[in-house]
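Data file: data_23.txt. Format and content: compact mmCIF, C-alpha atoms.
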```
# COMPACT_ATOMS: atom_id res chain seq x y z
CA MET U 1 -13.58 -101.19 -50.53
CA ASN U 2 -12.05 -102.89 -53.46
CA THR U 3 -12.74 -100.76 -56.49
CA VAL U 4 -11.88 -97.75 -58.67
CA ALA U 5 -13.01 -94.20 -58.45
CA MET U 6 -14.29 -91.00 -59.81
CA ALA U 7 -13.12 -88.55 -57.19
CA THR U 8 -11.09 -85.53 -56.30
CA GLU U 9 -8.41 -86.13 -53.70
CA PRO U 10 -7.62 -83.73 -50.85
CA THR U 11 -4.81 -81.32 -51.52
CA ASP U 12 -3.32 -80.97 -48.02
CA HIS U 13 -3.11 -82.77 -44.70
CA ALA U 14 -5.92 -80.71 -43.19
CA ASP U 15 -8.32 -82.35 -45.64
CA ALA U 16 -7.19 -85.92 -44.95
CA ALA U 17 -9.79 -86.70 -42.29
CA ASP U 18 -12.58 -85.28 -44.45
CA TRP U 19 -11.34 -87.35 -47.39
CA ARG U 20 -11.40 -90.57 -45.36
CA ALA U 21 -14.87 -89.74 -44.07
CA ARG U 22 -16.22 -89.13 -47.58
CA VAL U 23 -14.68 -92.35 -48.90
CA ALA U 24 -16.09 -94.34 -45.97
CA HIS U 25 -19.53 -92.77 -46.48
CA ALA U 26 -19.60 -93.47 -50.22
CA PHE U 27 -18.65 -97.11 -49.82
CA SER U 28 -20.99 -97.63 -46.87
CA ARG U 29 -23.88 -96.38 -48.99
CA ALA U 30 -22.92 -98.78 -51.78
CA ALA U 31 -22.52 -101.80 -49.50
CA PRO U 32 -25.98 -103.42 -49.88
CA HIS U 33 -25.65 -103.84 -53.65
CA TYR U 34 -21.87 -103.93 -53.99
CA ALA U 35 -21.57 -107.69 -54.51
CA SER U 36 -23.98 -107.68 -57.45
CA ARG U 37 -22.45 -104.64 -59.19
CA ALA U 38 -18.73 -105.29 -58.71
CA THR U 39 -18.33 -107.62 -61.69
CA ALA U 40 -15.14 -105.96 -62.91
CA GLN U 41 -13.65 -105.83 -59.42
CA HIS U 42 -14.33 -109.52 -58.81
CA ALA U 43 -12.82 -110.45 -62.17
CA MET U 44 -9.63 -108.52 -61.47
CA GLY U 45 -9.36 -110.09 -58.04
CA GLU U 46 -8.94 -113.49 -59.68
CA HIS U 47 -5.43 -112.46 -60.74
CA LEU U 48 -4.33 -112.51 -57.10
CA LEU U 49 -5.21 -116.13 -56.47
CA PRO U 50 -2.41 -117.85 -58.44
CA HIS U 51 0.11 -116.09 -56.20
CA LEU U 52 -1.26 -117.36 -52.90
CA PRO U 53 1.37 -119.09 -50.74
CA ASP U 54 0.91 -122.78 -50.01
CA LYS U 55 0.40 -122.11 -46.31
CA ALA U 56 -0.81 -119.15 -44.28
CA GLU U 57 -2.05 -119.28 -40.70
CA CYS U 58 -2.83 -115.61 -40.08
CA LEU U 59 -4.35 -113.57 -42.93
CA LEU U 60 -5.52 -110.00 -43.50
CA ASP U 61 -7.79 -108.86 -46.34
CA LEU U 62 -7.12 -105.13 -46.64
CA GLY U 63 -10.09 -103.18 -48.00
CA CYS U 64 -12.27 -106.27 -47.75
CA GLY U 65 -15.59 -104.67 -48.74
CA PRO U 66 -18.48 -107.09 -48.10
CA GLY U 67 -16.01 -109.92 -47.64
CA GLU U 68 -16.29 -112.08 -50.75
CA LEU U 69 -12.53 -112.52 -51.12
CA THR U 70 -12.06 -112.84 -47.35
CA VAL U 71 -14.40 -115.82 -47.26
CA ARG U 72 -12.63 -117.44 -50.22
CA LEU U 73 -9.37 -117.17 -48.31
CA ALA U 74 -10.94 -118.66 -45.19
CA ARG U 75 -12.08 -121.66 -47.22
CA HIS U 76 -8.81 -121.95 -49.12
CA TYR U 77 -6.79 -122.03 -45.90
CA ALA U 78 -9.16 -124.25 -43.98
CA ASP U 79 -6.65 -124.78 -41.16
CA HIS U 80 -5.94 -121.08 -40.62
CA GLN U 81 -5.62 -119.77 -37.07
CA ARG U 82 -6.91 -116.26 -37.69
CA ILE U 83 -8.34 -114.30 -40.59
CA GLU U 84 -9.40 -110.66 -40.59
CA GLY U 85 -11.16 -108.40 -43.06
CA LEU U 86 -10.40 -104.70 -42.65
CA ASP U 87 -12.26 -101.86 -44.30
CA LEU U 88 -12.61 -98.11 -43.83
CA ALA U 89 -16.38 -98.22 -44.46
CA PRO U 90 -18.54 -99.43 -41.54
CA GLY U 91 -21.37 -100.20 -43.94
CA MET U 92 -19.21 -102.67 -45.84
CA LEU U 93 -18.37 -104.48 -42.61
CA ASP U 94 -22.03 -104.60 -41.60
CA GLU U 95 -22.78 -106.21 -44.96
CA ALA U 96 -19.91 -108.69 -44.51
CA ARG U 97 -21.25 -109.74 -41.11
CA ARG U 98 -24.76 -110.10 -42.53
CA ARG U 99 -23.69 -112.18 -45.52
CA HIS U 100 -21.09 -114.48 -44.02
CA SER U 101 -21.20 -116.83 -41.05
CA GLU U 102 -17.55 -117.89 -41.17
CA PRO U 103 -15.45 -117.10 -38.05
CA ILE U 104 -13.82 -114.01 -39.52
CA ARG U 105 -12.94 -110.90 -37.53
CA TRP U 106 -14.26 -107.78 -39.30
CA VAL U 107 -12.27 -104.66 -38.41
CA CYS U 108 -12.95 -101.00 -39.21
CA GLY U 109 -9.62 -99.34 -39.89
CA ASP U 110 -7.36 -97.31 -42.15
CA ALA U 111 -4.71 -99.00 -44.31
CA SER U 112 -2.25 -96.23 -43.50
CA MET U 113 -2.65 -96.81 -39.74
CA LEU U 114 -3.23 -100.53 -39.30
CA PRO U 115 -4.48 -101.46 -35.81
CA HIS U 116 -2.17 -104.46 -35.53
CA THR U 117 1.11 -105.25 -33.83
CA ASP U 118 4.27 -105.90 -35.80
CA ALA U 119 4.65 -109.29 -37.50
CA SER U 120 0.99 -110.28 -37.09
CA PHE U 121 0.26 -111.92 -40.46
CA ASP U 122 1.67 -114.46 -42.91
CA LEU U 123 -0.39 -113.01 -45.76
CA VAL U 124 -1.83 -109.58 -46.53
CA ILE U 125 -4.05 -109.40 -49.59
CA SER U 126 -5.83 -106.39 -51.08
CA ASN U 127 -7.95 -106.10 -54.19
CA LEU U 128 -8.36 -102.56 -55.56
CA ALA U 129 -8.22 -100.60 -52.32
CA ILE U 130 -4.82 -98.96 -51.91
CA GLN U 131 -5.39 -96.50 -54.77
CA TRP U 132 -7.72 -94.71 -52.33
CA CYS U 133 -4.86 -94.10 -49.90
CA ARG U 134 -3.10 -90.75 -50.22
CA ASP U 135 0.31 -91.89 -48.92
CA LEU U 136 1.50 -94.93 -50.86
CA ASP U 137 4.81 -95.12 -48.99
CA ARG U 138 3.05 -95.18 -45.64
CA VAL U 139 0.57 -97.85 -46.70
CA LEU U 140 3.25 -100.20 -48.02
CA GLY U 141 5.32 -99.51 -44.92
CA GLU U 142 2.36 -100.51 -42.74
CA ILE U 143 1.79 -103.68 -44.75
CA ARG U 144 5.41 -104.72 -44.36
CA ARG U 145 5.31 -103.88 -40.64
CA VAL U 146 2.43 -106.25 -39.94
CA LEU U 147 3.88 -109.06 -42.05
CA ARG U 148 5.97 -111.76 -40.46
CA PRO U 149 9.45 -112.44 -41.86
CA GLY U 150 8.90 -114.58 -44.94
CA GLY U 151 5.33 -113.30 -45.26
CA ARG U 152 3.76 -112.23 -48.53
CA ALA U 153 1.63 -109.29 -49.67
CA LEU U 154 -0.55 -109.59 -52.77
CA LEU U 155 -1.99 -106.26 -53.88
CA ASN U 156 -4.11 -105.22 -56.84
CA THR U 157 -4.18 -101.53 -57.64
CA LEU U 158 -4.61 -99.28 -60.67
CA ALA U 159 -2.25 -97.36 -62.93
CA PRO U 160 -2.59 -94.25 -65.12
CA GLY U 161 -4.87 -94.74 -68.10
CA THR U 162 -7.57 -96.39 -66.00
CA LEU U 163 -11.06 -95.19 -66.99
CA HIS U 164 -9.66 -93.17 -69.89
CA GLU U 165 -12.97 -93.54 -71.74
CA VAL U 166 -14.82 -92.05 -68.77
CA ASN U 167 -12.30 -89.24 -68.65
CA GLN U 168 -12.73 -88.55 -72.37
CA ALA U 169 -16.51 -88.52 -72.16
CA TRP U 170 -16.83 -86.24 -69.13
CA SER U 171 -13.90 -83.83 -69.46
CA GLN U 172 -14.57 -80.25 -70.58
CA PRO U 173 -12.23 -77.31 -71.15
CA GLY U 174 -11.04 -76.13 -67.76
CA ARG U 175 -13.07 -78.84 -66.04
CA PRO U 176 -11.46 -82.30 -66.20
CA ALA U 177 -13.32 -85.39 -65.12
CA ALA U 178 -13.00 -86.07 -61.41
CA LEU U 179 -10.72 -89.10 -61.43
CA LEU U 180 -8.12 -90.27 -58.96
CA ASP U 181 -4.47 -89.68 -59.82
CA PHE U 182 -3.15 -93.22 -60.16
CA HIS U 183 0.53 -94.05 -59.54
CA ASP U 184 2.52 -95.85 -62.24
CA ALA U 185 4.44 -99.11 -61.87
CA ALA U 186 7.75 -97.36 -61.21
CA ARG U 187 6.26 -95.42 -58.30
CA HIS U 188 4.85 -98.59 -56.76
CA ARG U 189 8.17 -100.39 -57.16
CA LEU U 190 9.98 -97.50 -55.48
CA ALA U 191 7.50 -97.44 -52.58
CA ALA U 192 7.86 -101.19 -52.08
CA ARG U 193 11.66 -100.91 -52.00
CA ARG U 194 11.47 -98.02 -49.57
CA ALA U 195 9.21 -100.09 -47.33
CA GLY U 196 11.91 -102.75 -47.17
CA PHE U 197 10.40 -105.67 -49.05
CA ARG U 198 13.15 -108.08 -50.06
CA ARG U 199 11.33 -109.28 -53.20
CA VAL U 200 9.26 -107.01 -55.40
CA VAL U 201 7.45 -108.30 -58.49
CA LEU U 202 4.92 -106.29 -60.51
CA GLU U 203 2.56 -107.61 -63.15
CA GLN U 204 0.76 -105.22 -65.50
CA ARG U 205 -2.25 -105.93 -67.66
CA GLU U 206 -5.09 -104.12 -69.35
CA GLU U 207 -8.57 -105.25 -68.40
CA ARG U 208 -11.52 -104.13 -70.50
CA PHE U 209 -15.20 -104.55 -69.74
CA HIS U 210 -18.22 -103.57 -71.81
CA TYR U 211 -21.61 -102.13 -70.93
CA PRO U 212 -24.76 -101.52 -72.98
CA ASP U 213 -25.04 -97.75 -72.38
CA LEU U 214 -23.70 -94.81 -70.39
CA ASN U 215 -26.07 -95.44 -67.50
CA ALA U 216 -24.64 -98.94 -67.11
CA VAL U 217 -21.09 -97.60 -67.33
CA MET U 218 -21.70 -95.10 -64.55
CA ALA U 219 -23.59 -97.65 -62.45
CA SER U 220 -20.55 -99.91 -62.63
CA ILE U 221 -18.55 -97.12 -61.00
CA LYS U 222 -20.99 -95.31 -58.73
CA GLY U 223 -22.90 -98.47 -57.93
CA VAL U 224 -19.93 -99.88 -56.03
CA GLY U 225 -19.28 -96.68 -54.09
CA ALA U 226 -16.44 -95.54 -56.29
CA GLN U 227 -17.38 -91.91 -56.45
CA VAL U 228 -16.58 -89.19 -53.95
CA ALA U 229 -18.32 -85.99 -54.87
CA ARG U 230 -16.30 -82.81 -55.15
CA PRO U 231 -17.69 -79.37 -54.46
CA GLY U 232 -18.49 -77.19 -57.42
CA LYS U 233 -20.87 -76.92 -60.33
CA ARG U 234 -23.47 -79.66 -60.59
CA LEU U 235 -23.82 -81.58 -63.83
CA THR U 236 -26.57 -80.38 -66.12
CA ARG U 237 -28.72 -82.22 -68.63
CA GLN U 238 -26.51 -80.71 -71.32
CA ASP U 239 -23.44 -82.18 -69.63
CA LEU U 240 -25.06 -85.61 -69.63
CA THR U 241 -26.07 -85.34 -73.30
CA ARG U 242 -22.54 -84.30 -74.25
CA ALA U 243 -20.98 -87.17 -72.31
CA ARG U 244 -23.40 -89.69 -73.79
CA HIS U 245 -22.57 -88.52 -77.31
CA ARG U 246 -18.83 -88.70 -76.71
CA TYR U 247 -19.00 -92.15 -75.18
CA GLU U 248 -21.12 -93.45 -78.06
CA GLY U 249 -18.23 -92.50 -80.34
CA LEU U 250 -16.13 -95.08 -78.46
CA ARG U 251 -18.63 -97.93 -78.81
CA GLU U 252 -17.25 -101.33 -79.78
CA ALA U 253 -19.13 -104.41 -80.92
CA PRO U 254 -19.61 -105.78 -77.35
CA GLY U 255 -20.72 -102.38 -76.01
CA LEU U 256 -19.26 -99.27 -74.41
CA PRO U 257 -15.73 -100.03 -73.14
CA VAL U 258 -14.33 -99.33 -69.69
CA THR U 259 -10.59 -99.93 -69.41
CA TYR U 260 -8.59 -100.60 -66.27
CA HIS U 261 -4.80 -100.64 -66.14
CA LEU U 262 -4.26 -103.22 -63.44
CA LEU U 263 -1.10 -103.54 -61.37
CA THR U 264 -0.58 -106.69 -59.31
CA LEU U 265 2.17 -106.42 -56.69
CA ILE U 266 3.74 -109.60 -55.28
CA LEU U 267 5.84 -108.54 -52.30
CA GLU U 268 7.79 -110.66 -49.84
CA HIS U 269 9.10 -109.64 -46.45
```
Before we go any further, please render this structure as structure tokens.
Amino acid sequence: MNTVAMATEPTDHADAADWRARVAHAFSRAAPHYASRATAQHAMGEHLLPHLPDKAECLLDLGCGPGELTVRLARHYADHQRIEGLDLAPGMLDEARRRHSEPIRWVCGDASMLPHTDASFDLVISNLAIQWCRDLDRVLGEIRRVLRPGGRALLNTLAPGTLHEVNQAWSQPGRPAALLDFHDAARHRLAARRAGFRRVVLEQREERFHYPDLNAVMASIKGVGAQVARPGKRLTRQDLTRARHRYEGLREAPGLPVTYHLLTLILEH
């Protein structure tokens, strides 16, 4: 489920199950064409690879989507004992099983309630998934719990300012664009310390991608499942025309920009 989002998060615990169900449904629907539309997500995932440990026998890809990164890890650590890809969306796991023949265990599960015993993995990796989790402290606590002493977690997530062009184009008075509330670097560092990681390193970078028109911009988001509809007024043709005009005012020579503020967390147990 490694991506970004246009969404509205639940406001209380009673909505948590509904939120997870909507996220899982959106990404399951996107699964068949995710690999071909997740260009930005794949590019950002490359920043995790230089931080891979030399050896890892048991590995977990958290929010694995259709399993592209999971398979790369399986091939990188050819002598691994066990590798798992976990995702909240059953459709993503079906696609992973269809696309890949490697001996990988595909698991449907929630990052905030990992179905693993303590100290199960040498490496936990996650590319653009944990921003979908409501409780950052709990997720990082779960990741540390399933890591073995000396194990490493490599996590890509997103910071405030992500998709600011989308926000500018779609926001209206009293009706902001439906974007996730991203945590900043300080909040991630605090959560990692609270979880008990002995080493916490954060890298920050701005990643910008360009698309020919607004339809392509929105396909890059919705086309990978990264939209969870909120109840309320439906968009009109006037809304679309207004957004298109605003976004055209942001056009650069390569096309319409989409900016991601990427956080890479390198955490050691």
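Residue nearest U:Leu136 within the list U:Leu123, U:Leu202, U:Leu154, U:Ala195: U:Ala195 [criterion: smallest interatomic distance, only C-alpha atoms].
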Using all atoms listed in the file, determine which residues lie at most 12 Å from U:Arg187, disregarding the query and same-chain residues fewer than 3 positions distant; provide the list as a ChimeraX atom specification.
/U:135-137,140,158-160,182-184,190-194,202,263,265
U:Gly150 surroundings by all atoms listed in the file, 12 Å radius, close-in-sequence under 6 positions cut, as a ChimeraX atom specification
/U:53,55-56,119-124,144,197-199,267-269
Set the distance at 9 Å and use all atoms listed in the file: which residues neighbour U:Ile143 once local chain neighbours fewer than 5 positions away are removed? I'd like the list as a PDB file with C-alpha atoms, keeping the file's coordinate frame.
```
ATOM      1  CA  ALA U 111      -4.710 -99.000 -44.310  1.00  0.00           C
ATOM      2  CA  SER U 112      -2.250 -96.230 -43.500  1.00  0.00           C
ATOM      3  CA  LEU U 114      -3.230-100.530 -39.300  1.00  0.00           C
ATOM      4  CA  VAL U 124      -1.830-109.580 -46.530  1.00  0.00           C
ATOM      5  CA  ARG U 138       3.050 -95.180 -45.640  1.00  0.00           C
ATOM      6  CA  ALA U 153       1.630-109.290 -49.670  1.00  0.00           C
ATOM      7  CA  ALA U 195       9.210-100.090 -47.330  1.00  0.00           C
TER       8      ALA U 195
END
```
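Proximity to U:Gly161 at 10 Å, evaluated using only C-alpha atoms and with sequence-adjacent residues fewer than 2 positions away removed, yields Leu158, Ala159, Leu163, His164, Glu165, Asn167, Asp181, Phe182, Asp184, Glu206, Thr259, Tyr260, His261 and Leu262 of chain U.
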The centre and edge lengths of an axis-aligned box containing all atoms of stretch 56-75 of chain U present in the file, extended by 6 Å on each side, are to be given in Å to one decimal, as lines of an AutoDock Vina configuration file.
```
center_x = -9.6
center_y = -112.4
center_z = -45.6
size_x = 29.7
size_y = 30.5
size_z = 23.0
```
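Between atom CA of U:Thr70 and atom CA of U:Asn127 the interatomic distance comes to 10.4 Å.
Between atom CA of U:Leu128 and atom CA of U:Leu147 the interatomic distance comes to 19.4 Å.
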